[in-house]
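One file, my_file.pdb, is given below (PDB, C-alpha atoms and all ligand atoms).
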```pdb
ATOM      1  CA  MET Z  16     140.588 165.558  14.665
ATOM      2  CA  SER Z  17     143.070 167.692  12.823
ATOM      3  CA  VAL Z  18     141.996 167.684   9.206
ATOM      4  CA  LYS Z  19     144.396 168.239   6.342
ATOM      5  CA  ARG Z  20     142.486 167.218   3.252
ATOM      6  CA  ILE Z  21     138.750 167.350   2.488
ATOM      7  CA  ALA Z  22     136.485 166.882  -0.518
ATOM      8  CA  VAL Z  23     133.288 168.737  -1.393
ATOM      9  CA  LEU Z  24     130.441 167.714  -3.691
ATOM     10  CA  THR Z  25     127.035 168.962  -4.797
ATOM     11  CA  SER Z  26     124.315 166.364  -5.159
ATOM     12  CA  GLY Z  27     120.689 165.961  -6.233
ATOM     13  CA  GLY Z  28     118.733 168.749  -7.875
ATOM     14  CA  ASP Z  29     120.937 171.814  -8.320
ATOM     15  CA  ALA Z  30     120.000 174.961  -6.417
ATOM     16  CA  PRO Z  31     120.952 178.619  -6.947
ATOM     17  CA  GLY Z  32     123.561 179.350  -4.285
ATOM     18  CA  MET Z  33     125.368 176.022  -4.496
ATOM     19  CA  ASN Z  34     128.369 177.780  -6.046
ATOM     20  CA  ALA Z  35     128.505 180.270  -3.188
ATOM     21  CA  ALA Z  36     128.583 177.281  -0.808
ATOM     22  CA  ILE Z  37     131.386 175.569  -2.772
ATOM     23  CA  ARG Z  38     133.345 178.818  -2.676
ATOM     24  CA  ALA Z  39     132.816 179.168   1.073
ATOM     25  CA  VAL Z  40     133.927 175.584   1.760
ATOM     26  CA  ALA Z  41     137.021 175.956  -0.416
ATOM     27  CA  ARG Z  42     138.053 179.338   0.984
ATOM     28  CA  ALA Z  43     137.287 178.531   4.642
ATOM     29  CA  ALA Z  44     139.341 175.343   4.304
ATOM     30  CA  THR Z  45     142.279 176.861   2.419
ATOM     31  CA  ALA Z  46     142.363 179.667   5.006
ATOM     32  CA  ARG Z  47     143.161 176.889   7.503
ATOM     33  CA  GLU Z  48     145.788 175.548   5.101
ATOM     34  CA  TRP Z  49     143.802 172.411   4.352
ATOM     35  CA  GLU Z  50     143.725 170.888   0.886
ATOM     36  CA  VAL Z  51     140.383 170.723  -0.889
ATOM     37  CA  PHE Z  52     139.161 168.486  -3.707
ATOM     38  CA  GLY Z  53     136.043 169.271  -5.737
ATOM     39  CA  VAL Z  54     134.175 166.095  -6.692
ATOM     40  CA  ARG Z  55     132.582 166.139 -10.147
ATOM     41  CA  ASN Z  56     128.888 165.270 -10.584
ATOM     42  CA  GLY Z  57     127.881 164.375  -7.042
ATOM     43  CA  TYR Z  58     127.959 160.826  -5.706
ATOM     44  CA  ALA Z  59     128.352 159.492  -9.261
ATOM     45  CA  GLY Z  60     131.705 161.327  -9.429
ATOM     46  CA  LEU Z  61     132.633 160.118  -5.963
ATOM     47  CA  LEU Z  62     132.051 156.535  -7.126
ATOM     48  CA  ALA Z  63     134.173 157.180 -10.202
ATOM     49  CA  ASP Z  64     136.881 158.824  -8.045
ATOM     50  CA  ALA Z  65     136.520 161.922 -10.237
ATOM     51  CA  MET Z  66     137.829 164.929  -8.328
ATOM     52  CA  ASP Z  67     140.182 167.858  -8.843
ATOM     53  CA  PRO Z  68     142.078 170.103  -6.453
ATOM     54  CA  LEU Z  69     140.088 173.214  -5.559
ATOM     55  CA  ALA Z  70     142.293 176.130  -4.542
ATOM     56  CA  ALA Z  71     141.085 179.555  -3.391
ATOM     57  CA  ARG Z  72     141.550 181.052  -6.895
ATOM     58  CA  ASP Z  73     139.630 178.165  -8.526
ATOM     59  CA  VAL Z  74     136.421 179.344  -6.907
ATOM     60  CA  GLY Z  75     136.791 182.966  -7.988
ATOM     61  CA  GLY Z  76     133.905 184.523  -9.946
ATOM     62  CA  ILE Z  77     131.345 181.837  -9.095
ATOM     63  CA  ILE Z  78     129.411 183.374  -6.187
ATOM     64  CA  GLN Z  79     126.902 184.991  -8.567
ATOM     65  CA  ARG Z  80     126.448 181.977 -10.841
ATOM     66  CA  GLY Z  81     123.432 179.654 -10.649
ATOM     67  CA  GLY Z  82     123.689 175.872 -10.841
ATOM     68  CA  THR Z  83     126.874 174.189  -9.643
ATOM     69  CA  VAL Z  84     130.310 174.385 -11.236
ATOM     70  CA  LEU Z  85     131.052 170.911  -9.833
ATOM     71  CA  GLY Z  86     128.060 169.356 -11.584
ATOM     72  CA  SER Z  87     125.378 167.307  -9.870
ATOM     73  CA  ALA Z  88     123.614 163.984 -10.322
ATOM     74  CA  ARG Z  89     121.200 161.614  -8.653
ATOM     75  CA  SER Z  90     123.028 158.338  -7.957
ATOM     76  CA  PRO Z  91     120.898 155.312  -7.019
ATOM     77  CA  GLU Z  92     124.070 153.183  -6.893
ATOM     78  CA  PHE Z  93     125.264 155.085  -3.816
ATOM     79  CA  ARG Z  94     122.399 153.487  -1.872
ATOM     80  CA  GLU Z  95     124.330 150.175  -2.021
ATOM     81  CA  ARG Z  96     126.682 149.449   0.859
ATOM     82  CA  ALA Z  97     129.261 147.936  -1.533
ATOM     83  CA  ALA Z  98     129.424 151.208  -3.490
ATOM     84  CA  ARG Z  99     130.015 153.208  -0.314
ATOM     85  CA  ASP Z 100     132.724 150.745   0.818
ATOM     86  CA  ARG Z 101     134.493 151.374  -2.473
ATOM     87  CA  VAL Z 102     134.182 155.127  -2.032
ATOM     88  CA  ARG Z 103     135.644 155.028   1.473
ATOM     89  CA  ALA Z 104     138.623 153.013   0.201
ATOM     90  CA  GLN Z 105     139.160 155.472  -2.680
ATOM     91  CA  LEU Z 106     139.005 158.480  -0.370
ATOM     92  CA  ALA Z 107     141.446 156.833   2.063
ATOM     93  CA  ALA Z 108     143.847 156.133  -0.794
ATOM     94  CA  ARG Z 109     143.816 159.867  -1.637
ATOM     95  CA  GLY Z 110     144.254 160.819   1.994
ATOM     96  CA  VAL Z 111     140.864 162.594   2.028
ATOM     97  CA  GLU Z 112     139.697 162.571   5.642
ATOM     98  CA  ALA Z 113     136.322 164.288   5.392
ATOM     99  CA  LEU Z 114     133.582 165.114   2.934
ATOM    100  CA  VAL Z 115     131.186 168.067   2.681
ATOM    101  CA  VAL Z 116     127.921 167.237   0.900
ATOM    102  CA  ILE Z 117     125.871 170.170  -0.391
ATOM    103  CA  GLY Z 118     122.389 168.883  -1.182
ATOM    104  CA  GLY Z 119     118.836 168.052  -0.163
ATOM    105  CA  ASN Z 120     117.000 165.090   1.280
ATOM    106  CA  GLY Z 121     118.192 162.261  -0.955
ATOM    107  CA  SER Z 122     121.762 163.545  -0.810
ATOM    108  CA  GLN Z 123     121.769 163.806   2.980
ATOM    109  CA  SER Z 124     120.466 160.241   3.257
ATOM    110  CA  GLY Z 125     123.658 159.250   1.403
ATOM    111  CA  SER Z 126     125.693 161.384   3.841
ATOM    112  CA  ALA Z 127     123.959 159.765   6.800
ATOM    113  CA  ALA Z 128     124.823 156.281   5.516
ATOM    114  CA  LEU Z 129     128.456 157.214   4.973
ATOM    115  CA  ALA Z 130     128.646 158.842   8.411
ATOM    116  CA  LYS Z 131     127.093 155.781  10.071
ATOM    117  CA  GLU Z 132     129.763 153.650   8.460
ATOM    118  CA  GLY Z 133     132.470 155.757  10.073
ATOM    119  CA  PHE Z 134     133.450 158.385   7.496
ATOM    120  CA  ALA Z 135     133.527 162.062   8.544
ATOM    121  CA  VAL Z 136     130.769 163.831   6.600
ATOM    122  CA  VAL Z 137     129.112 167.212   7.082
ATOM    123  CA  GLY Z 138     125.963 168.061   5.143
ATOM    124  CA  VAL Z 139     125.030 171.552   3.931
ATOM    125  CA  ALA Z 140     121.281 172.158   3.561
ATOM    126  CA  SER Z 141     120.570 172.888  -0.084
ATOM    127  CA  THR Z 142     117.305 172.291  -1.927
ATOM    128  CA  ILE Z 143     114.885 174.682  -3.584
ATOM    129  CA  ASP Z 144     112.047 172.593  -2.071
ATOM    130  CA  ASN Z 145     113.062 173.662   1.480
ATOM    131  CA  ASP Z 146     111.864 170.384   2.964
ATOM    132  CA  LEU Z 147     114.912 169.417   5.053
ATOM    133  CA  HIS Z 148     114.729 168.921   8.796
ATOM    134  CA  GLY Z 149     117.424 170.787  10.712
ATOM    135  CA  THR Z 150     117.045 174.120   8.946
ATOM    136  CA  ASP Z 151     114.397 176.791   8.578
ATOM    137  CA  VAL Z 152     115.632 177.568   5.107
ATOM    138  CA  SER Z 153     117.746 175.740   2.544
ATOM    139  CA  ILE Z 154     120.033 177.159  -0.130
ATOM    140  CA  GLY Z 155     118.061 177.885  -3.315
ATOM    141  CA  ALA Z 156     114.585 178.204  -1.826
ATOM    142  CA  ASP Z 157     114.595 182.017  -1.743
ATOM    143  CA  THR Z 158     115.602 182.288  -5.402
ATOM    144  CA  ALA Z 159     113.016 179.691  -6.440
ATOM    145  CA  ILE Z 160     110.277 181.638  -4.649
ATOM    146  CA  ASN Z 161     111.344 184.856  -6.343
ATOM    147  CA  VAL Z 162     111.431 183.222  -9.804
ATOM    148  CA  THR Z 163     107.900 181.922  -9.215
ATOM    149  CA  LEU Z 164     106.799 185.279  -7.879
ATOM    150  CA  GLU Z 165     108.059 187.057 -10.958
ATOM    151  CA  ALA Z 166     106.050 184.627 -13.106
ATOM    152  CA  ILE Z 167     102.939 185.296 -11.019
ATOM    153  CA  ASP Z 168     103.377 189.060 -11.376
ATOM    154  CA  ARG Z 169     103.847 188.779 -15.134
ATOM    155  CA  LEU Z 170     100.888 186.440 -15.576
ATOM    156  CA  ARG Z 171      98.702 188.719 -13.484
ATOM    157  CA  THR Z 172      99.060 191.594 -15.932
ATOM    158  CA  THR Z 173      97.864 189.540 -18.892
ATOM    159  CA  ALA Z 174      95.253 187.762 -16.744
ATOM    160  CA  SER Z 175      93.832 191.141 -15.842
ATOM    161  CA  SER Z 176      93.753 192.360 -19.469
ATOM    162  CA  HIS Z 177      91.814 189.261 -20.556
ATOM    163  CA  ARG Z 178      89.693 188.571 -17.456
ATOM    164  CA  ARG Z 179      91.300 185.183 -17.044
ATOM    165  CA  VAL Z 180      92.357 182.707 -14.414
ATOM    166  CA  PHE Z 181      95.899 181.378 -14.622
ATOM    167  CA  ILE Z 182      96.773 178.046 -13.081
ATOM    168  CA  LEU Z 183     100.503 178.199 -12.433
ATOM    169  CA  GLU Z 184     102.473 175.087 -11.536
ATOM    170  CA  THR Z 185     105.781 175.544  -9.751
ATOM    171  CA  MET Z 186     108.314 173.022  -8.425
ATOM    172  CA  GLY Z 187     108.048 171.146  -5.139
ATOM    173  CA  ARG Z 188     108.031 167.383  -5.277
ATOM    174  CA  ASP Z 189     106.973 166.440  -1.757
ATOM    175  CA  CYS Z 190     106.611 169.849  -0.195
ATOM    176  CA  GLY Z 191     104.659 172.920  -1.283
ATOM    177  CA  TYR Z 192     106.898 175.567   0.291
ATOM    178  CA  ILE Z 193     107.713 177.372  -2.981
ATOM    179  CA  ALA Z 194     104.052 177.428  -4.068
ATOM    180  CA  LEU Z 195     102.915 178.561  -0.627
ATOM    181  CA  MET Z 196     105.393 181.409  -0.231
ATOM    182  CA  SER Z 197     105.136 182.663  -3.807
ATOM    183  CA  GLY Z 198     101.356 182.271  -3.653
ATOM    184  CA  ILE Z 199     101.148 184.474  -0.560
ATOM    185  CA  GLY Z 200     103.600 187.013  -1.997
ATOM    186  CA  GLY Z 201     101.744 187.014  -5.310
ATOM    187  CA  GLY Z 202      98.266 187.296  -3.771
ATOM    188  CA  ALA Z 203      97.006 183.994  -5.198
ATOM    189  CA  GLU Z 204      93.296 183.209  -4.879
ATOM    190  CA  VAL Z 205      94.002 179.475  -4.457
ATOM    191  CA  ILE Z 206      97.158 177.623  -3.350
ATOM    192  CA  ALA Z 207      97.212 173.841  -3.783
ATOM    193  CA  ILE Z 208     100.117 171.892  -2.253
ATOM    194  CA  PRO Z 209     100.743 168.294  -1.132
ATOM    195  CA  GLU Z 210     100.276 169.352   2.508
ATOM    196  CA  SER Z 211      96.887 170.910   1.740
ATOM    197  CA  GLU Z 212      95.131 169.495  -1.311
ATOM    198  CA  VAL Z 213      92.264 171.399  -2.954
ATOM    199  CA  PRO Z 214      89.895 169.253  -5.071
ATOM    200  CA  PRO Z 215      89.245 170.823  -8.514
ATOM    201  CA  ALA Z 216      85.534 171.307  -7.739
ATOM    202  CA  GLU Z 217      86.557 173.405  -4.739
ATOM    203  CA  VAL Z 218      88.989 175.385  -6.919
ATOM    204  CA  ALA Z 219      86.111 176.079  -9.329
ATOM    205  CA  ALA Z 220      83.807 177.145  -6.482
ATOM    206  CA  ARG Z 221      86.406 179.548  -5.091
ATOM    207  CA  LEU Z 222      87.062 181.059  -8.501
ATOM    208  CA  ARG Z 223      83.349 181.518  -9.113
ATOM    209  CA  ALA Z 224      83.039 183.216  -5.724
ATOM    210  CA  ALA Z 225      85.985 185.499  -6.577
ATOM    211  CA  HIS Z 226      84.272 186.425  -9.850
ATOM    212  CA  GLU Z 227      81.059 187.174  -7.987
ATOM    213  CA  ARG Z 228      82.980 189.403  -5.576
ATOM    214  CA  GLY Z 229      83.964 191.495  -8.585
ATOM    215  CA  LYS Z 230      87.464 190.213  -9.291
ATOM    216  CA  THR Z 231      88.570 190.686 -12.869
ATOM    217  CA  HIS Z 232      91.179 187.908 -12.839
ATOM    218  CA  ALA Z 233      92.600 185.269 -10.504
ATOM    219  CA  MET Z 234      95.702 183.164  -9.846
ATOM    220  CA  VAL Z 235      95.861 179.529  -8.751
ATOM    221  CA  VAL Z 236      99.338 178.418  -7.654
ATOM    222  CA  VAL Z 237      99.918 174.667  -7.583
ATOM    223  CA  ALA Z 238     102.928 172.663  -6.412
ATOM    224  CA  GLU Z 239     103.949 169.960  -8.872
ATOM    225  CA  GLY Z 240     103.729 167.399  -6.043
ATOM    226  CA  ALA Z 241     100.037 168.084  -5.310
ATOM    227  CA  LYS Z 242      97.939 165.034  -6.168
ATOM    228  CA  GLN Z 243      95.010 167.248  -7.087
ATOM    229  CA  GLY Z 244      97.406 169.136  -9.329
ATOM    230  CA  VAL Z 245      97.439 170.621 -12.798
ATOM    231  CA  HIS Z 246      96.423 167.365 -14.511
ATOM    232  CA  ALA Z 247      93.377 166.902 -12.296
ATOM    233  CA  MET Z 248      92.410 170.540 -12.832
ATOM    234  CA  VAL Z 249      92.764 170.340 -16.620
ATOM    235  CA  GLU Z 250      90.548 167.256 -16.629
ATOM    236  CA  TYR Z 251      87.945 168.897 -14.400
ATOM    237  CA  PHE Z 252      87.786 172.188 -16.277
ATOM    238  CA  GLU Z 253      87.497 170.509 -19.701
ATOM    239  CA  GLY Z 254      84.223 171.910 -21.081
ATOM    240  CA  ARG Z 255      83.418 173.606 -17.744
ATOM    241  CA  GLN Z 256      85.697 176.601 -17.496
ATOM    242  CA  GLN Z 257      82.917 179.118 -18.148
ATOM    243  CA  GLU Z 258      81.367 178.056 -14.830
ATOM    244  CA  THR Z 259      84.051 180.087 -13.090
ATOM    245  CA  GLY Z 260      83.173 183.259 -14.974
ATOM    246  CA  PHE Z 261      86.759 183.552 -16.236
ATOM    247  CA  GLY Z 262      88.674 182.249 -19.215
ATOM    248  CA  LEU Z 263      91.422 179.854 -18.182
ATOM    249  CA  ARG Z 264      95.065 179.313 -19.113
ATOM    250  CA  ILE Z 265      97.770 177.090 -17.689
ATOM    251  CA  THR Z 266     101.497 177.731 -17.205
ATOM    252  CA  ARG Z 267     103.963 175.137 -15.948
ATOM    253  CA  LEU Z 268     107.301 176.613 -14.872
ATOM    254  CA  GLY Z 269     109.259 173.343 -14.538
ATOM    255  CA  HIS Z 270     113.025 173.709 -14.282
ATOM    256  CA  VAL Z 271     112.900 177.458 -14.919
ATOM    257  CA  VAL Z 272     112.287 177.650 -11.153
ATOM    258  CA  ARG Z 273     115.735 176.195 -10.429
ATOM    259  CA  GLY Z 274     117.713 178.224 -12.937
ATOM    260  CA  GLY Z 275     119.358 181.622 -13.006
ATOM    261  CA  VAL Z 276     121.382 183.702 -10.590
ATOM    262  CA  PRO Z 277     121.013 183.215  -6.826
ATOM    263  CA  SER Z 278     119.328 185.921  -4.745
ATOM    264  CA  SER Z 279     121.348 187.837  -2.168
ATOM    265  CA  ALA Z 280     119.689 185.817   0.626
ATOM    266  CA  ASP Z 281     120.803 182.543  -0.984
ATOM    267  CA  ARG Z 282     124.364 183.794  -1.499
ATOM    268  CA  VAL Z 283     124.635 184.870   2.126
ATOM    269  CA  LEU Z 284     123.047 181.680   3.480
ATOM    270  CA  ALA Z 285     125.314 179.527   1.301
ATOM    271  CA  SER Z 286     128.395 181.471   2.392
ATOM    272  CA  ARG Z 287     127.478 181.038   6.053
ATOM    273  CA  LEU Z 288     126.622 177.346   5.768
ATOM    274  CA  GLY Z 289     129.680 176.465   3.663
ATOM    275  CA  ALA Z 290     131.988 178.112   6.212
ATOM    276  CA  ALA Z 291     130.044 176.490   9.068
ATOM    277  CA  ALA Z 292     130.641 173.035   7.571
ATOM    278  CA  VAL Z 293     134.389 173.639   7.657
ATOM    279  CA  ALA Z 294     134.146 174.973  11.232
ATOM    280  CA  CYS Z 295     132.421 171.717  12.223
ATOM    281  CA  LEU Z 296     135.304 169.655  10.890
ATOM    282  CA  GLU Z 297     137.795 171.908  12.648
ATOM    283  CA  ASP Z 298     135.910 171.292  15.895
ATOM    284  CA  GLY Z 299     136.108 167.538  15.268
ATOM    285  CA  VAL Z 300     132.337 167.371  14.676
ATOM    286  CA  SER Z 301     130.929 165.334  11.785
ATOM    287  CA  GLY Z 302     127.856 163.253  10.959
ATOM    288  CA  VAL Z 303     125.778 166.452  11.103
ATOM    289  CA  LEU Z 304     123.881 168.763   8.782
ATOM    290  CA  VAL Z 305     124.538 172.485   9.099
ATOM    291  CA  GLY Z 306     121.432 174.612   8.765
ATOM    292  CA  GLU Z 307     119.974 177.889   9.969
ATOM    293  CA  VAL Z 308     117.335 177.918  12.693
ATOM    294  CA  ARG Z 309     115.947 181.273  13.922
ATOM    295  CA  GLY Z 310     118.910 183.034  12.382
ATOM    296  CA  ALA Z 311     121.560 180.905  14.090
ATOM    297  CA  ILE Z 312     123.717 178.191  12.558
ATOM    298  CA  VAL Z 313     122.796 174.802  14.017
ATOM    299  CA  ARG Z 314     124.250 171.307  13.672
ATOM    300  CA  THR Z 315     121.741 168.455  13.538
ATOM    301  CA  PRO Z 316     122.758 164.770  13.446
ATOM    302  CA  LEU Z 317     122.352 163.380   9.915
ATOM    303  CA  ALA Z 318     120.701 160.321  11.462
ATOM    304  CA  GLU Z 319     117.792 162.565  12.553
ATOM    305  CA  ILE Z 320     117.403 164.031   9.081
ATOM    306  CA  ALA Z 321     117.697 161.059   6.758
ATOM    307  CA  GLY Z 322     114.433 159.827   5.268
ATOM    308  CA  ARG Z 323     112.300 162.654   6.701
ATOM    309  CA  THR Z 324     110.707 165.604   4.961
ATOM    310  CA  ARG Z 325     109.610 168.829   6.621
ATOM    311  CA  PRO Z 326     106.161 169.962   5.529
ATOM    312  CA  ALA Z 327     105.310 173.571   4.767
ATOM    313  CA  ASP Z 328     103.331 175.485   7.403
ATOM    314  CA  THR Z 329      99.720 175.009   6.313
ATOM    315  CA  ALA Z 330      98.488 177.697   8.723
ATOM    316  CA  LEU Z 331      99.739 180.129   6.097
ATOM    317  CA  ILE Z 332      97.240 178.713   3.574
ATOM    318  CA  GLU Z 333      94.418 180.135   5.683
ATOM    319  CA  LEU Z 334      96.166 183.511   5.748
ATOM    320  CA  ALA Z 335      96.444 183.473   1.954
ATOM    321  CA  ARG Z 336      92.766 182.641   1.694
ATOM    322  CA  VAL Z 337      91.642 185.462   3.938
ATOM    323  CA  LEU Z 338      93.873 187.981   2.185
ATOM    324  CA  ALA Z 339      92.586 186.966  -1.244
ATOM    325  CA  THR Z 340      88.974 187.918  -0.442
TER     326      THR Z 340
HETATM  327  O1  LIG Z 401     114.341 168.512  -5.435
HETATM  328  C1  LIG Z 401     114.227 169.682  -6.147
HETATM  329  C2  LIG Z 401     113.423 169.458  -7.402
HETATM  330  O2  LIG Z 401     113.604 170.614  -8.184
HETATM  331  C3  LIG Z 401     111.937 169.183  -7.185
HETATM  332  O3  LIG Z 401     111.190 170.332  -6.900
HETATM  333  C4  LIG Z 401     111.586 168.535  -8.495
HETATM  334  O4  LIG Z 401     110.461 167.705  -8.374
HETATM  335  C5  LIG Z 401     112.795 167.718  -8.796
HETATM  336  O5  LIG Z 401     113.879 168.353  -8.160
HETATM  337  C6  LIG Z 401     113.078 167.562 -10.270
HETATM  338  O6  LIG Z 401     114.135 166.699 -10.426
HETATM  339  P1  LIG Z 401     114.927 166.488 -11.786
HETATM  340  O7  LIG Z 401     115.747 167.718 -12.023
HETATM  341  O8  LIG Z 401     115.758 165.279 -11.541
HETATM  342  O9  LIG Z 401     113.906 166.329 -12.857
END
```
Representation of the structure as structure tokens:
Amino acid sequence: MSVKRIAVLTSGGDAPGMNAAIRAVARAATAREWEVFGVRNGYAGLLADAMDPLAARDVGGIIQRGGTVLGSARSPEFRERAARDRVRAQLAARGVEALVVIGGNGSQSGSAALAKEGFAVVGVASTIDNDLHGTDVSIGADTAINVTLEAIDRLRTTASSHRRVFILETMGRDCGYIALMSGIGGGAEVIAIPESEVPPAEVAARLRAAHERGKTHAMVVVAEGAKQGVHAMVEYFEGRQQETGFGLRITRLGHVVRGGVPSSADRVLASRLGAAAVACLEDGVSGVLVGEVRGAIVRTPLAEIAGRTRPADTALIELARVLAT
């Protein structure tokens, strides 16, 4: 297909690097003399037909900015067929022939539905949770790990001064990738994630053992999606924290994990994936997600991705455990 006009949107939870991906889509497309529209606020904006022309100069000075200049939203309405029918009619009326969707699991389920119904869509893998099939790494995950790691390093200094344990909660709704990677990088004594739950009694036993081995402080890194998470630990340790031998404090990072400037790895990944999405459309390929597998750009059918999550590699939990002895 020879494309002349495309639209790009960012959807779901924002991720550092999304702006670099928007820039790459806009510049790769304008280099081919296509017209580009930037959709405001994700699928909600698509439903409201809210979009503006995005020329090469409009995306200047955004590669280093976190968040998304287009805005993002979660849009339950887009799950309805009638809403998508309306969107297709609106896009046709504007002469927009293809859409690039920068987002994570929920967003790519929307892309898959639109693609199945005959519209040309290419997804770009972007979620700090890094739980998408079709890519080893998603835009935003590297920055989120580094933000968490910095928190671990900072907490460790005060933990050491006061002979304390810190329980640190980081983001990760269904997948513990951020907690796992930052936990390994930060030398955590315990890592608790949805893919590998650690009951609070076991956390206490491991902390006690660490104390007995002569440790002066310890870190427990927990993904917010773990069922045996911060709440369960607070409940368990109520009146019992001395059993561990350490004092105990809790820090929840929340949306801090998603904020701030993207790392160099995220900027490069986003630049590659944004340009790869445009290359797909030039090749007449759509209904796919572009991701990076073993360093190479790959295209995976959206139908294979929708509704699935990719768990973190739990073998690494064992590594973390051995290295924390
Ligand atoms: O999907 C990314 C993510 O940051 C999850 O880790 C987190 O659970 C969720 O988004 C938070 O969503 P919201 O910003 O809508 O509260």
How would you write as a ChimeraX atom specification the residues that get within 10 Å of (125.2, 171.3, 8.4) in the file's frame, counting only C-alpha atoms?
-> /Z:115-117,123,136-141,149-150,288-293,295,301-307,312-317
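Taking all atoms listed in the file into account, Z:Ala36 lies nearest to Z:Asp281 out of the set Z:Glu132, Z:Glu165, Z:Asp281, Z:Asp157.
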Just so the selection is clear, what residues does the PyMOL selection byres (((not hetatm)) within 7 of (chain Z and resi 401)) cover here, as JSON, numbers by chain?
-> {"Z": [27, 28, 119, 142, 143, 144, 186, 187, 188, 239, 270, 273]}
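If you measure from each of Z:Leu183, Z:Val308, Z:Leu296, Z:Ala88 to Z:Arg20 using only C-alpha atoms, the closest one turns out to be Z:Leu296.
Using all atoms listed in the file, the nearest neighbour of Z:Pro277 within the list Z:Ile21, Z:Ala130, Z:Leu164, Z:Ile77 is Z:Ile77.
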Contacts of Z:Arg336 within 12 Å, all atoms listed in the file, excl. fewer than 2 positions in-chain, as a PyMOL selection string | chain Z and resi 195+198-199+202-207+218+221-222+225+234-235+329-334+338-340
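Comparing Z:Ala97, Z:Leu147, Z:Ala135, Z:Ala30 by their smallest distance to Z:Val18, the closest is Z:Ala135 (using all atoms listed in the file).
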Just the residues within 10 Å of Z:Gly60, please, counting all atoms listed in the file, with nothing from its chain fewer than 4 positions along; format it as a ChimeraX atom specification.
-> /Z:24,26,53-56,64-66,85-88,90,102
Can you list, as an NGL selection string, the residues that the PyMOL selection byres (((chain Z and resi 181) around 7) and not hetatm) selects here?
-> :Z and (174 or 179-180 or 182-183 or 233-235 or 263-265)
Neighbour list for Z:Gln105 as an mmCIF file with C-alpha atoms, keeping the file's coordinate frame, cut-off 10 Å, all atoms listed in the file, skip fewer than 6 positions in-chain:
```
data_model
loop_
_atom_site.group_PDB
_atom_site.id
_atom_site.type_symbol
_atom_site.label_atom_id
_atom_site.label_comp_id
_atom_site.auth_asym_id
_atom_site.auth_seq_id
_atom_site.Cartn_x
_atom_site.Cartn_y
_atom_site.Cartn_z
ATOM 1 C CA LEU Z 61 132.633 160.118 -5.963
ATOM 2 C CA LEU Z 62 132.051 156.535 -7.126
ATOM 3 C CA ALA Z 63 134.173 157.180 -10.202
ATOM 4 C CA ASP Z 64 136.881 158.824 -8.045
ATOM 5 C CA ARG Z 99 130.015 153.208 -0.314
ATOM 6 C CA VAL Z 111 140.864 162.594 2.028
#
```
Taking N, CA, C and O atoms as the atom set, what does stretch 305-314 of chain Z look like once completed, written as a PDB file, in the frame of the given file?
```
ATOM      1  N   VAL Z 305     124.578 171.104   8.620  1.00  0.00           N
ATOM      2  CA  VAL Z 305     124.538 172.485   9.099  1.00  0.00           C
ATOM      3  C   VAL Z 305     123.366 173.199   8.421  1.00  0.00           C
ATOM      4  O   VAL Z 305     123.151 173.088   7.215  1.00  0.00           O
ATOM      5  N   GLY Z 306     122.594 173.883   9.257  1.00  0.00           N
ATOM      6  CA  GLY Z 306     121.432 174.612   8.765  1.00  0.00           C
ATOM      7  C   GLY Z 306     121.281 175.899   9.552  1.00  0.00           C
ATOM      8  O   GLY Z 306     122.114 176.207  10.424  1.00  0.00           O
ATOM      9  N   GLU Z 307     120.225 176.638   9.238  1.00  0.00           N
ATOM     10  CA  GLU Z 307     119.974 177.889   9.969  1.00  0.00           C
ATOM     11  C   GLU Z 307     118.608 177.801  10.634  1.00  0.00           C
ATOM     12  O   GLU Z 307     117.601 177.565   9.959  1.00  0.00           O
ATOM     13  N   VAL Z 308     118.598 177.943  11.960  1.00  0.00           N
ATOM     14  CA  VAL Z 308     117.335 177.918  12.693  1.00  0.00           C
ATOM     15  C   VAL Z 308     117.241 179.205  13.503  1.00  0.00           C
ATOM     16  O   VAL Z 308     118.134 179.505  14.297  1.00  0.00           O
ATOM     17  N   ARG Z 309     116.155 179.952  13.287  1.00  0.00           N
ATOM     18  CA  ARG Z 309     115.947 181.273  13.922  1.00  0.00           C
ATOM     19  C   ARG Z 309     117.184 182.157  13.804  1.00  0.00           C
ATOM     20  O   ARG Z 309     117.641 182.753  14.770  1.00  0.00           O
ATOM     21  N   GLY Z 310     117.789 182.146  12.654  1.00  0.00           N
ATOM     22  CA  GLY Z 310     118.910 183.034  12.382  1.00  0.00           C
ATOM     23  C   GLY Z 310     120.265 182.510  12.825  1.00  0.00           C
ATOM     24  O   GLY Z 310     121.296 183.081  12.474  1.00  0.00           O
ATOM     25  N   ALA Z 311     120.275 181.424  13.600  1.00  0.00           N
ATOM     26  CA  ALA Z 311     121.560 180.905  14.090  1.00  0.00           C
ATOM     27  C   ALA Z 311     121.945 179.637  13.329  1.00  0.00           C
ATOM     28  O   ALA Z 311     121.078 178.884  12.874  1.00  0.00           O
ATOM     29  N   ILE Z 312     123.241 179.416  13.198  1.00  0.00           N
ATOM     30  CA  ILE Z 312     123.717 178.191  12.558  1.00  0.00           C
ATOM     31  C   ILE Z 312     123.585 177.044  13.557  1.00  0.00           C
ATOM     32  O   ILE Z 312     124.027 177.159  14.702  1.00  0.00           O
ATOM     33  N   VAL Z 313     122.930 175.959  13.117  1.00  0.00           N
ATOM     34  CA  VAL Z 313     122.796 174.802  14.017  1.00  0.00           C
ATOM     35  C   VAL Z 313     123.324 173.543  13.324  1.00  0.00           C
ATOM     36  O   VAL Z 313     123.316 173.444  12.102  1.00  0.00           O
ATOM     37  N   ARG Z 314     123.754 172.598  14.161  1.00  0.00           N
ATOM     38  CA  ARG Z 314     124.250 171.307  13.672  1.00  0.00           C
ATOM     39  C   ARG Z 314     123.267 170.240  14.132  1.00  0.00           C
ATOM     40  O   ARG Z 314     123.005 170.113  15.324  1.00  0.00           O
TER      41      ARG Z 314
END
```
